[in-house]
file target.txt (compact mmCIF, C-alpha atoms and all ligand atoms)
# COMPACT_ATOMS: atom_id res chain seq x y z
CA MET X 1 -8.95 108.47 -42.63
CA THR X 2 -9.94 111.43 -40.47
CA LYS X 3 -12.76 113.54 -41.91
CA LYS X 4 -13.29 116.16 -39.20
CA ILE X 5 -11.03 117.40 -36.42
CA ALA X 6 -11.18 119.49 -33.29
CA LEU X 7 -7.85 121.24 -32.75
CA LEU X 8 -6.62 122.16 -29.28
CA GLY X 9 -3.82 124.72 -29.57
CA SER X 10 -4.51 125.92 -33.12
CA THR X 11 -2.41 129.11 -32.84
CA GLY X 12 0.81 127.26 -31.94
CA SER X 13 3.51 125.79 -34.13
CA ILE X 14 1.84 122.34 -34.34
CA GLY X 15 -1.63 123.89 -34.54
CA ARG X 16 -0.77 126.08 -37.54
CA GLN X 17 0.86 123.18 -39.37
CA THR X 18 -2.14 120.96 -38.61
CA LEU X 19 -4.40 123.50 -40.31
CA GLU X 20 -2.08 123.52 -43.32
CA VAL X 21 -2.35 119.73 -43.56
CA CYS X 22 -6.15 119.85 -43.16
CA GLY X 23 -6.36 122.50 -45.88
CA ALA X 24 -4.26 120.38 -48.25
CA LEU X 25 -6.15 117.14 -47.52
CA GLY X 26 -9.67 118.58 -47.39
CA ILE X 27 -10.17 117.60 -43.74
CA GLY X 28 -12.92 119.58 -41.99
CA VAL X 29 -12.11 121.74 -38.96
CA GLU X 30 -14.97 121.75 -36.45
CA ALA X 31 -13.34 123.41 -33.45
CA LEU X 32 -10.29 125.55 -32.72
CA SER X 33 -8.72 126.63 -29.45
CA ALA X 34 -5.98 128.96 -28.19
CA ASN X 35 -5.01 130.58 -24.95
CA ARG X 36 -5.07 134.30 -25.77
CA ASN X 37 -3.85 134.85 -29.34
CA VAL X 38 -7.16 136.35 -30.48
CA VAL X 39 -5.78 137.93 -33.65
CA LEU X 40 -4.62 134.65 -35.16
CA LEU X 41 -7.59 132.67 -33.84
CA GLU X 42 -10.00 135.10 -35.52
CA GLU X 43 -8.09 134.79 -38.78
CA GLN X 44 -8.20 130.97 -38.53
CA CYS X 45 -11.94 131.03 -37.79
CA ARG X 46 -12.63 133.14 -40.85
CA LYS X 47 -10.58 130.83 -43.02
CA TYR X 48 -11.63 127.39 -41.66
CA ARG X 49 -15.17 128.19 -40.42
CA PRO X 50 -15.27 125.92 -37.35
CA ARG X 51 -18.47 125.53 -35.33
CA LEU X 52 -16.66 126.33 -32.08
CA ALA X 53 -13.72 128.57 -31.08
CA VAL X 54 -12.29 128.57 -27.57
CA CYS X 55 -9.89 130.80 -25.67
CA MET X 56 -8.62 129.45 -22.37
CA ASP X 57 -8.21 133.05 -21.22
CA ARG X 58 -11.70 134.36 -20.47
CA GLU X 59 -10.93 137.98 -21.34
CA ALA X 60 -9.58 136.85 -24.69
CA ALA X 61 -12.75 134.80 -25.23
CA LYS X 62 -14.86 137.93 -24.71
CA THR X 63 -12.78 139.84 -27.25
CA LEU X 64 -13.05 136.97 -29.74
CA GLN X 65 -16.80 136.83 -29.28
CA ILE X 66 -17.09 140.48 -30.32
CA LYS X 67 -14.73 140.04 -33.26
CA LEU X 68 -16.69 137.03 -34.56
CA SER X 69 -20.16 138.44 -33.93
CA ASP X 70 -20.85 138.61 -37.68
CA THR X 71 -20.22 134.84 -38.04
CA GLU X 72 -21.94 131.62 -36.94
CA VAL X 73 -18.94 130.52 -34.87
CA LYS X 74 -19.80 129.79 -31.24
CA VAL X 75 -17.20 131.18 -28.81
CA ALA X 76 -16.41 129.69 -25.39
CA GLY X 77 -13.77 130.32 -22.72
CA GLY X 78 -11.90 128.68 -19.85
CA PRO X 79 -11.19 125.00 -19.12
CA GLU X 80 -14.82 124.02 -19.77
CA GLY X 81 -14.47 125.53 -23.25
CA LEU X 82 -11.46 123.32 -23.85
CA MET X 83 -13.49 120.29 -22.69
CA GLU X 84 -16.30 121.24 -25.07
CA CYS X 85 -13.76 121.41 -27.87
CA ALA X 86 -12.41 117.95 -26.97
CA THR X 87 -15.85 116.31 -26.90
CA LEU X 88 -17.68 118.09 -29.73
CA ASP X 89 -19.99 115.73 -31.61
CA GLY X 90 -19.37 114.86 -35.24
CA VAL X 91 -15.58 114.95 -34.83
CA ASP X 92 -13.49 111.83 -35.42
CA THR X 93 -10.03 113.07 -34.39
CA VAL X 94 -9.06 115.47 -31.64
CA VAL X 95 -5.61 116.98 -32.17
CA GLY X 96 -3.88 117.70 -28.85
CA ALA X 97 -1.45 120.51 -29.60
CA VAL X 98 -1.64 122.72 -26.53
CA MET X 99 1.53 123.26 -24.58
CA GLY X 100 1.78 121.60 -21.19
CA MET X 101 -0.14 119.64 -18.60
CA VAL X 102 -3.26 121.75 -19.28
CA GLY X 103 -3.91 119.35 -22.17
CA LEU X 104 -4.42 116.35 -19.90
CA GLN X 105 -8.09 116.63 -18.96
CA PRO X 106 -9.27 117.44 -22.51
CA ALA X 107 -7.19 114.48 -23.77
CA LEU X 108 -8.91 112.14 -21.31
CA ALA X 109 -12.30 113.58 -22.24
CA ALA X 110 -11.69 112.99 -25.98
CA LEU X 111 -10.68 109.39 -25.31
CA ARG X 112 -13.75 108.82 -23.13
CA GLU X 113 -15.79 109.75 -26.22
CA GLY X 114 -13.97 107.01 -28.13
CA ARG X 115 -12.17 109.50 -30.40
CA ARG X 116 -8.79 109.25 -32.01
CA LEU X 117 -6.40 111.50 -30.14
CA ALA X 118 -3.62 112.76 -32.42
CA LEU X 119 -1.26 113.74 -29.65
CA ALA X 120 1.58 116.26 -29.86
CA ASN X 121 1.14 117.36 -26.25
CA LYS X 122 3.77 115.06 -24.70
CA GLU X 123 3.40 116.53 -21.19
CA THR X 124 0.06 114.70 -21.01
CA LEU X 125 1.71 111.30 -21.46
CA VAL X 126 4.63 112.16 -19.19
CA CYS X 127 2.31 113.13 -16.32
CA ALA X 128 -0.40 110.55 -16.71
CA GLY X 129 0.56 108.12 -19.47
CA ASP X 130 -0.85 105.03 -17.79
CA LEU X 131 -4.15 106.76 -17.14
CA VAL X 132 -4.34 108.07 -20.72
CA MET X 133 -3.59 104.67 -22.30
CA GLU X 134 -5.98 102.90 -19.93
CA THR X 135 -8.75 105.41 -20.76
CA ALA X 136 -8.17 104.80 -24.47
CA ARG X 137 -8.44 101.03 -23.98
CA ARG X 138 -11.51 101.22 -21.81
CA TYR X 139 -13.56 103.54 -24.03
CA GLY X 140 -12.37 102.39 -27.45
CA GLY X 141 -10.40 105.56 -28.18
CA GLU X 142 -6.89 105.55 -29.62
CA VAL X 143 -3.75 107.59 -29.13
CA VAL X 144 -1.77 108.24 -32.30
CA PRO X 145 1.50 110.11 -31.82
CA VAL X 146 2.38 113.39 -33.53
CA ASP X 147 5.79 113.86 -31.92
CA SER X 148 8.19 113.08 -34.79
CA GLU X 149 10.23 110.42 -32.94
CA HIS X 150 7.13 108.59 -31.74
CA SER X 151 5.52 108.81 -35.15
CA ALA X 152 8.71 107.29 -36.57
CA LEU X 153 8.51 104.44 -34.03
CA PHE X 154 4.80 104.02 -34.78
CA GLN X 155 5.59 103.76 -38.49
CA CYS X 156 8.42 101.26 -37.88
CA LEU X 157 6.12 99.19 -35.66
CA GLN X 158 3.42 98.81 -38.32
CA GLY X 159 2.96 95.12 -39.01
CA CYS X 160 4.69 94.11 -35.77
CA ARG X 161 2.22 91.60 -34.31
CA ASP X 162 4.18 90.78 -31.19
CA ARG X 163 5.87 93.52 -29.17
CA GLY X 164 7.94 90.72 -27.61
CA GLY X 165 9.87 90.72 -30.88
CA VAL X 166 11.08 94.27 -30.25
CA LYS X 167 14.53 94.44 -28.71
CA ARG X 168 14.91 98.19 -28.43
CA LEU X 169 13.37 101.53 -29.37
CA ILE X 170 16.04 104.02 -30.41
CA LEU X 171 15.09 107.69 -30.17
CA THR X 172 17.16 110.15 -32.14
CA ALA X 173 17.94 113.61 -30.74
CA SER X 174 19.33 116.60 -32.59
CA GLY X 175 21.30 117.65 -29.51
CA GLY X 176 19.77 121.14 -29.66
CA PRO X 177 21.55 124.50 -29.88
CA PHE X 178 24.01 123.76 -27.05
CA PHE X 179 25.31 120.45 -28.34
CA GLY X 180 28.98 119.94 -27.37
CA LYS X 181 28.95 122.60 -24.63
CA THR X 182 29.83 121.94 -21.01
CA ARG X 183 27.45 122.56 -18.13
CA ALA X 184 29.57 125.55 -17.03
CA GLU X 185 29.44 127.09 -20.51
CA MET X 186 25.65 126.73 -20.58
CA GLU X 187 25.05 128.16 -17.09
CA HIS X 188 24.27 131.70 -18.27
CA MET X 189 22.90 131.12 -21.74
CA THR X 190 20.20 133.63 -22.64
CA VAL X 191 16.64 133.05 -23.82
CA ALA X 192 17.70 134.10 -27.35
CA ASP X 193 20.55 131.53 -27.31
CA ALA X 194 18.20 128.77 -26.13
CA LEU X 195 15.55 129.59 -28.75
CA ASN X 196 18.02 129.26 -31.60
CA HIS X 197 17.35 125.61 -32.55
CA PRO X 198 19.44 124.27 -35.46
CA ASN X 199 16.82 122.09 -37.23
CA TRP X 200 13.27 122.70 -36.00
CA SER X 201 11.09 125.78 -35.61
CA MET X 202 8.84 125.10 -32.60
CA GLY X 203 7.08 126.78 -29.67
CA ALA X 204 9.26 128.43 -27.00
CA LYS X 205 8.81 125.84 -24.24
CA ILE X 206 9.74 122.80 -26.30
CA THR X 207 12.67 124.70 -27.83
CA VAL X 208 14.08 125.37 -24.36
CA ASP X 209 13.43 121.70 -23.51
CA SER X 210 15.53 120.79 -26.54
CA ALA X 211 18.33 123.05 -25.32
CA THR X 212 18.38 121.38 -21.87
CA MET X 213 17.68 117.98 -23.48
CA MET X 214 14.76 117.59 -21.08
CA ASN X 215 12.77 117.14 -24.29
CA LYS X 216 14.51 113.83 -25.00
CA GLY X 217 13.95 112.70 -21.42
CA LEU X 218 10.24 113.52 -21.73
CA GLU X 219 10.22 111.62 -25.01
CA VAL X 220 11.72 108.50 -23.42
CA ILE X 221 8.85 108.51 -20.90
CA GLU X 222 6.37 109.22 -23.72
CA ALA X 223 7.69 106.16 -25.62
CA MET X 224 7.47 103.94 -22.51
CA ARG X 225 3.80 104.84 -22.13
CA LEU X 226 2.80 104.74 -25.80
CA TYR X 227 4.46 101.42 -26.55
CA ASP X 228 4.36 99.79 -23.11
CA MET X 229 8.14 99.37 -23.05
CA PRO X 230 10.42 99.24 -20.00
CA LEU X 231 13.06 101.95 -19.66
CA GLU X 232 15.88 99.46 -20.35
CA LYS X 233 14.52 98.86 -23.84
CA ILE X 234 14.71 102.51 -24.88
CA SER X 235 17.87 104.30 -25.85
CA VAL X 236 18.80 107.74 -27.12
CA VAL X 237 21.30 108.56 -29.82
CA ILE X 238 22.40 112.02 -30.92
CA HIS X 239 21.82 112.48 -34.62
CA ARG X 240 22.59 116.08 -35.50
CA GLU X 241 21.05 116.05 -38.96
CA SER X 242 17.47 115.15 -37.87
CA ILE X 243 16.90 113.01 -40.96
CA ILE X 244 16.36 109.69 -39.18
CA HIS X 245 13.47 110.36 -36.82
CA SER X 246 13.85 107.17 -34.73
CA LEU X 247 14.45 103.45 -35.09
CA VAL X 248 13.12 100.09 -33.91
CA GLU X 249 15.56 97.25 -33.35
CA TYR X 250 13.95 93.80 -33.53
CA CYS X 251 15.12 90.60 -31.81
CA ASP X 252 16.65 89.29 -35.03
CA ASN X 253 18.81 92.45 -35.12
CA ALA X 254 16.92 94.01 -38.02
CA VAL X 255 16.76 97.77 -37.45
CA LEU X 256 13.94 99.74 -39.09
CA ALA X 257 14.20 103.51 -39.36
CA GLN X 258 11.93 106.26 -40.65
CA LEU X 259 13.62 109.02 -42.60
CA GLY X 260 12.38 112.37 -43.81
CA GLN X 261 13.07 116.08 -43.84
CA PRO X 262 12.64 117.71 -40.43
CA ASP X 263 9.05 118.74 -41.23
CA MET X 264 6.30 118.21 -38.64
CA ARG X 265 3.61 118.22 -41.32
CA LEU X 266 4.45 114.58 -42.10
CA PRO X 267 3.90 113.14 -38.60
CA ILE X 268 0.85 115.39 -38.18
CA GLN X 269 -0.59 114.09 -41.43
CA TYR X 270 0.12 110.46 -40.61
CA ALA X 271 -1.67 110.81 -37.28
CA LEU X 272 -4.72 111.99 -39.25
CA THR X 273 -4.60 109.52 -42.14
CA TRP X 274 -3.25 106.35 -40.48
CA PRO X 275 -3.55 103.55 -41.51
CA GLU X 276 -3.74 105.17 -44.94
CA ARG X 277 -1.05 107.23 -46.66
CA VAL X 278 -1.92 110.02 -49.06
CA PRO X 279 0.17 112.69 -50.81
CA GLY X 280 0.55 115.80 -48.66
CA PRO X 281 2.47 119.03 -48.12
CA ALA X 282 5.54 117.61 -46.30
CA LYS X 283 8.88 118.21 -48.03
CA GLU X 284 10.44 115.42 -50.08
CA LEU X 285 13.70 113.87 -48.92
CA ASP X 286 16.44 113.84 -51.54
CA LEU X 287 18.95 111.26 -50.32
CA LEU X 288 21.60 112.46 -52.75
CA SER X 289 21.60 115.92 -51.20
CA CYS X 290 21.84 114.55 -47.64
CA LYS X 291 25.24 114.95 -46.10
CA ALA X 292 26.71 112.17 -43.96
CA LEU X 293 24.39 110.93 -41.22
CA THR X 294 26.17 110.88 -37.85
CA PHE X 295 25.44 109.20 -34.51
CA LEU X 296 26.86 109.95 -31.06
CA ALA X 297 26.16 108.95 -27.48
CA PRO X 298 24.27 111.52 -25.35
CA ASP X 299 26.07 113.37 -22.56
CA PRO X 300 23.91 113.23 -19.38
CA GLU X 301 26.68 114.82 -17.24
CA ASN X 302 26.54 118.08 -19.13
CA PHE X 303 22.80 117.78 -19.80
CA PRO X 304 21.51 116.87 -16.32
CA CYS X 305 17.85 117.30 -17.34
CA LEU X 306 18.14 114.15 -19.43
CA ALA X 307 19.54 112.25 -16.44
CA LEU X 308 16.78 113.63 -14.18
CA ALA X 309 14.06 112.52 -16.58
CA LEU X 310 15.51 109.01 -16.76
CA GLU X 311 15.68 108.94 -12.95
CA ALA X 312 12.00 109.98 -12.70
CA ALA X 313 11.12 107.29 -15.26
CA ARG X 314 12.96 104.73 -13.12
CA ARG X 315 11.07 105.82 -9.98
CA GLY X 316 7.72 105.70 -11.81
CA GLY X 317 4.32 106.54 -10.25
CA SER X 318 3.78 110.28 -9.91
CA ALA X 319 7.54 111.06 -10.14
CA THR X 320 7.18 111.85 -13.84
CA ALA X 321 4.36 114.33 -13.08
CA ILE X 322 6.67 115.98 -10.52
CA LEU X 323 9.44 116.14 -13.10
CA ASN X 324 7.12 117.67 -15.67
CA GLY X 325 5.44 120.18 -13.34
CA ALA X 326 8.78 121.44 -12.04
CA ASN X 327 10.16 121.68 -15.55
CA GLU X 328 7.15 123.60 -16.89
CA ALA X 329 7.44 126.06 -14.01
CA ALA X 330 11.22 126.46 -14.30
CA VAL X 331 11.17 126.87 -18.08
CA GLY X 332 8.33 129.40 -17.76
CA ALA X 333 10.43 131.38 -15.26
CA PHE X 334 13.49 131.16 -17.51
CA LEU X 335 11.47 132.46 -20.50
CA ALA X 336 10.17 135.30 -18.29
CA GLY X 337 13.76 136.27 -17.45
CA GLU X 338 13.38 135.28 -13.80
CA LEU X 339 15.72 132.28 -13.75
CA GLY X 340 19.10 131.47 -15.29
CA PHE X 341 19.42 128.62 -17.79
CA GLY X 342 21.52 126.50 -15.40
CA GLU X 343 18.86 126.87 -12.70
CA ILE X 344 16.30 124.85 -14.68
CA ALA X 345 17.96 121.52 -13.91
CA ARG X 346 18.61 122.46 -10.28
CA ARG X 347 14.95 123.42 -9.72
CA VAL X 348 13.72 120.18 -11.26
CA GLU X 349 16.17 118.20 -9.12
CA LYS X 350 14.98 120.02 -6.00
CA ALA X 351 11.31 119.28 -6.78
CA LEU X 352 12.10 115.59 -7.30
CA GLU X 353 13.83 115.57 -3.89
CA ASP X 354 11.18 117.59 -2.02
CA VAL X 355 7.90 116.25 -3.37
CA PRO X 356 7.05 112.66 -2.44
CA ALA X 357 5.92 110.44 -5.32
CA VAL X 358 3.12 107.90 -5.05
CA GLU X 359 2.70 104.60 -6.89
CA ASP X 360 -0.26 104.01 -9.23
CA PRO X 361 -1.44 107.63 -9.05
CA THR X 362 -5.06 108.61 -9.63
CA LEU X 363 -5.88 111.75 -11.62
CA GLU X 364 -6.15 113.66 -8.31
CA ASP X 365 -2.71 112.41 -7.22
CA ILE X 366 -1.27 113.61 -10.51
CA LEU X 367 -2.86 117.05 -10.27
CA GLU X 368 -1.56 117.35 -6.68
CA ALA X 369 1.94 116.23 -7.64
CA ASP X 370 1.96 118.76 -10.47
CA ALA X 371 0.90 121.64 -8.20
CA ALA X 372 3.39 120.70 -5.46
CA ALA X 373 6.22 120.37 -7.98
CA ARG X 374 5.53 123.82 -9.45
CA GLN X 375 5.66 125.28 -5.96
CA ALA X 376 8.84 123.45 -5.04
CA ALA X 377 10.53 124.59 -8.26
CA ILE X 378 10.05 128.34 -7.86
P1 LIG C 401 3.29 126.62 -29.05
O1 LIG C 401 3.77 127.34 -27.85
O2 LIG C 401 3.74 127.07 -30.39
O3 LIG C 401 1.70 126.58 -29.06
C1 LIG C 401 0.98 126.22 -27.92
C2 LIG C 401 -0.50 126.29 -28.19
O4 LIG C 401 -1.20 126.02 -26.97
C3 LIG C 401 -1.00 127.67 -28.63
O5 LIG C 401 -2.15 127.53 -29.41
C4 LIG C 401 -1.35 128.33 -27.30
O6 LIG C 401 -2.27 129.41 -27.41
C5 LIG C 401 -1.96 127.15 -26.57
N1 LIG C 401 -1.81 127.29 -25.11
C6 LIG C 401 -0.71 127.65 -24.41
N2 LIG C 401 -0.95 127.66 -23.10
C7 LIG C 401 -2.25 127.30 -22.96
C8 LIG C 401 -3.11 127.16 -21.85
N3 LIG C 401 -2.70 127.37 -20.59
N4 LIG C 401 -4.40 126.77 -22.06
C9 LIG C 401 -4.84 126.54 -23.31
N5 LIG C 401 -4.08 126.67 -24.41
C10 LIG C 401 -2.80 127.04 -24.23
O7 LIG C 401 3.69 125.08 -28.83
P2 LIG C 401 4.02 123.96 -29.92
O8 LIG C 401 3.01 123.96 -30.99
O9 LIG C 401 5.44 124.01 -30.27
O10 LIG C 401 3.86 122.65 -29.03
C11 LIG C 401 2.60 122.15 -28.63
C12 LIG C 401 2.79 120.78 -28.01
O11 LIG C 401 3.32 119.90 -29.01
C13 LIG C 401 3.80 120.76 -26.86
O12 LIG C 401 3.39 119.83 -25.91
C14 LIG C 401 5.09 120.29 -27.51
O13 LIG C 401 5.93 119.61 -26.63
C15 LIG C 401 4.56 119.34 -28.58
N6 LIG C 401 5.43 119.16 -29.74
C16 LIG C 401 5.74 120.22 -30.53
C17 LIG C 401 6.57 120.07 -31.63
C18 LIG C 401 6.86 121.21 -32.55
O14 LIG C 401 7.50 121.00 -33.59
N7 LIG C 401 6.44 122.41 -32.27
C19 LIG C 401 7.16 118.77 -31.94
C20 LIG C 401 6.75 117.71 -31.06
C21 LIG C 401 5.91 117.91 -29.99
P3 LIG C 401 -1.75 130.96 -27.58
O15 LIG C 401 -1.14 131.04 -28.95
O16 LIG C 401 -2.97 131.75 -27.44
O17 LIG C 401 -0.73 131.16 -26.48
MG MG C 402 10.13 115.15 -30.72
call {"tool": "encode", "arguments": {"input": "target.txt", "output": "structure tokens", "more": "lines below"}}
Ligand code: NDP
Ligand code: MG
result
Amino acid sequence: MTKKIALLGSTGSIGRQTLEVCGALGIGVEALSANRNVVLLEEQCRKYRPRLAVCMDREAAKTLQIKLSDTEVKVAGGPEGLMECATLDGVDTVVGAVMGMVGLQPALAALREGRRLALANKETLVCAGDLVMETARRYGGEVVPVDSEHSALFQCLQGCRDRGGVKRLILTASGGPFFGKTRAEMEHMTVADALNHPNWSMGAKITVDSATMMNKGLEVIEAMRLYDMPLEKISVVIHRESIIHSLVEYCDNAVLAQLGQPDMRLPIQYALTWPERVPGPAKELDLLSCKALTFLAPDPENFPCLALALEAARRGGSATAILNGANEAAVGAFLAGELGFGEIARRVEKALEDVPAVEDPTLEDILEADAAARQAAI
């Protein structure tokens, strides 16, 4: 079981819940990082007493340094600060909970140190999954998923000695706030509409991804990379209640599912304690108070982002980095009020058309594809 962590993205939704789990389980916190939320990062430093605190934003790092001058906490800034956080000695698990592709290089660095990477930051696997998994293999690191669906699959795959015995991975999707709407009805949805998720309270970007259903597309690619599965062996089912977090169908037609309250503290905790299980803060599931559990087919016509993600997965190579870069840029512009909701899918589609993909991309190819896709999208 993990004894000490470094936490990338501590001020976010996953970051805050990770600290709650660490507090409850007595896991040490050696390093924390944020972008520019200095107020919360200072508070976290005073409570958890890490050795290192990092702000990606250099101005914010300077402010934090002044605020923490009465403590022993070392403060660093910029991408090299993030790398220091990812490779700090004496840490056994690095939690990747930053938002976006910016988490990729620190994730690779942690794996090169042979650490466990408890990974929430799905963009990393979408952009460079093969590279991440190969780095883990080569340096003796390991990637343990935090994303609830992938944690559910991971749990249902425990004891499975031969992946050849797996017929299908089934990812569940809540359907998001716009479930049942047509593309035309969604065209002019506002930021407030998109941020109103029915079951989960998450960061802004992933909440918009849930509204477009890009999130589920990203998760299909994430599952392909984590579990080395072809696209044809992964399916998506809409499950509005978010009680079943995903399922594995085996070749004998046994289907294993993981159930629980929609509470990220459970998958976060499992990524820290695996292969052990210990009592923790996640909410208990009372089956008798569950209403009916329902399942429906997804609707890629009205949710074109899902179809685009599957298309990028089919193309392979750097196409998934193009998909992700364009989506990050378009969602950022939507959140800034510069783009309509319906434009997100069109911008991603345009980037996939305009930017050429390469097979077997290197890290440089991926960084280039990401930059070109962002430019093509806005
Ligand atoms: P939030 O937006 O709540 O938090 C993001 C964190 O990353 C914050 O600490 C933020 O710092 C930091 N950050 C943002 N931009 C940068 C940057 N450019 N450089 C360095 N740090 C940065 O996101 P979530 O916690 O919701 O999500 C984090 C990741 O986990 C995402 O990849 C998401 O897809 C994934 N995930 C989240 C789930 C959830 O329930 N929230 C579920 C499954 C996966 P600051 O506060 O200073 O901006
Ligand atoms: Mg998820």
call {"tool": "residues_around", "arguments": {"input": "target.txt", "residues": "Lys67 in chain X", "least_positions_apart": "2", "cutoff": "12 Å", "atoms": "all atoms listed in the file", "output": "PyMOL selection string"}}
result
chain X and resi 38-43+45-46+53+60-65+69-75
call {"tool": "closest_residue", "arguments": {"input": "target.txt", "among": "X:Gly164, X:Pro281, X:Gly325, X:Gly12", "to": "Leu218 in chain X", "atoms": "all atoms listed in the file"}}
result
X:Gly325
call {"tool": "closest_residue", "arguments": {"input": "target.txt", "among": "X:Lys122, X:Arg315, X:His188, X:Lys181", "to": "Leu226 in chain X", "atoms": "only C-alpha atoms"}}
result
X:Lys122
call {"tool": "closest_residue", "arguments": {"input": "target.txt", "among": "X:Thr135, X:Ser174, X:Asn253, X:Ser201", "to": "ligand LIG 401 (chain C)", "atoms": "all atoms listed in the file"}}
result
X:Ser201
call {"tool": "residues_around", "arguments": {"input": "target.txt", "residues": "Ser318 in chain X", "least_positions_apart": "3", "cutoff": "6 Å", "atoms": "only C-alpha atoms", "output": "PyMOL selection string"}}
result
chain X and resi 321+357-358+361
call {"tool": "residues_around", "arguments": {"input": "target.txt", "residues": "range 55-58 of chain X", "least_positions_apart": "2", "cutoff": "6 Å", "atoms": "only C-alpha atoms", "output": "NGL selection string"}}
result
:X and (33-36 or 60-61 or 77-78)
call {"tool": "closest_residue", "arguments": {"input": "target.txt", "among": "X:Met213, X:Leu272, X:Leu19, X:Leu111", "to": "ligand MG 402 (chain C)", "atoms": "all atoms listed in the file"}}
result
X:Met213
call {"tool": "closest_atom_pairs", "arguments": {"input": "target.txt", "of": "range 209-251 of chain X", "to": "range 139-154 of chain X", "cutoff": "10 Å", "atoms": "all atoms listed in the file", "output": "tab-separated table"}}
result
residue	atom	partner	partner_atom	distance
X:Lys216	CA	X:Glu149	CA	9.6
X:Glu219	CA	X:His150	CA	8.0
X:Val220	CA	X:His150	CA	9.5
X:Glu222	CA	X:His150	CA	8.1
X:Ala223	CA	X:His150	CA	6.6
X:Leu226	CA	X:Val143	CA	7.9
X:Tyr227	CA	X:Phe154	CA	8.6
X:Ser242	CA	X:Glu149	CA	10.0
X:Ile244	CA	X:Ala152	CA	8.4
X:His245	CA	X:Glu149	CA	5.1
X:Ser246	CA	X:Glu149	CA	5.2
X:Leu247	CA	X:Leu153	CA	6.1
X:Val248	CA	X:Leu153	CA	6.3
call {"tool": "closest_residue", "arguments": {"input": "target.txt", "among": "X:Val208, X:Leu259, X:Val355, X:Met133", "to": "Leu119 in chain X", "atoms": "all atoms listed in the file"}}
result
X:Met133
call {"tool": "atom_distance", "arguments": {"input": "target.txt", "atom1": "CA of Ala371 in chain X", "atom2": "CA of Glu232 in chain X"}}
result
29.4 Å
call {"tool": "closest_atom_pairs", "arguments": {"input": "target.txt", "of": "chain X", "to": "ligand LIG 401 (chain C)", "cutoff": "6 Å", "atoms": "only C-alpha atoms and all ligand atoms", "output": "CSV"}}
result
residue,atom,partner,partner_atom,distance
X:Gly9,CA,C:LIG401,O5,3.3
X:Ser10,CA,C:LIG401,O5,4.7
X:Thr11,CA,C:LIG401,O5,3.8
X:Gly12,CA,C:LIG401,O3,3.1
X:Ser13,CA,C:LIG401,O8,3.7
X:Ile14,CA,C:LIG401,O8,3.9
X:Gly15,CA,C:LIG401,O8,5.8
X:Ala34,CA,C:LIG401,O6,3.8
X:Asn35,CA,C:LIG401,O16,3.4
X:Arg36,CA,C:LIG401,O16,3.7
X:Asn37,CA,C:LIG401,O16,3.7
X:Met56,CA,C:LIG401,C9,4.9
X:Ala97,CA,C:LIG401,C11,4.5
X:Val98,CA,C:LIG401,O4,3.4
X:Met99,CA,C:LIG401,C13,4.1
X:Gly100,CA,C:LIG401,O12,5.3
X:Val102,CA,C:LIG401,N3,5.8
X:Ala120,CA,C:LIG401,O11,4.1
X:Asn121,CA,C:LIG401,O12,3.4
X:Lys122,CA,C:LIG401,O12,4.9
X:Glu123,CA,C:LIG401,O12,5.8
X:Asp147,CA,C:LIG401,C20,4.1
X:Met202,CA,C:LIG401,N7,3.6
X:Gly203,CA,C:LIG401,O9,3.3
X:Ala204,CA,C:LIG401,O1,5.7
X:Ile206,CA,C:LIG401,O13,5.0
X:Met264,CA,C:LIG401,O14,5.9
call {"tool": "atom_distance", "arguments": {"input": "target.txt", "atom1": "CA of Leu88 in chain X", "atom2": "CA of Met101 in chain X"}}
result
20.8 Å
call {"tool": "axis_aligned_box", "arguments": {"input": "target.txt", "around": "range 132-135 of chain X", "padding_each_side": "6 Å", "output": "AutoDock Vina command-line options"}}
result
--center_x -6.2 --center_y 105.5 --center_z -21.1 --size_x 17.2 --size_y 17.2 --size_z 14.4
call {"tool": "closest_residue", "arguments": {"input": "target.txt", "among": "X:Gln44, X:Val191, X:Thr320, X:Leu131", "to": "Ala336 in chain X", "atoms": "all atoms listed in the file"}}
result
X:Val191
call {"tool": "residues_around", "arguments": {"input": "target.txt", "residues": "range 80-83 of chain X", "least_positions_apart": "5", "cutoff": "7 Å", "atoms": "only C-alpha atoms", "output": "count of residues only"}}
result
4
call {"tool": "residues_near_point", "arguments": {"input": "target.txt", "point": "(10.3, 99.7, -29.7)", "cutoff": "8 Å", "atoms": "all atoms listed in the file", "output": "number ranges by chain"}}
result
X: 153, 157, 163, 166-170, 227, 229, 233-234, 247-250
call {"tool": "atom_distance", "arguments": {"input": "target.txt", "atom1": "CA of Cys305 in chain X", "atom2": "CA of Ala373 in chain X"}}
result
15.2 Å
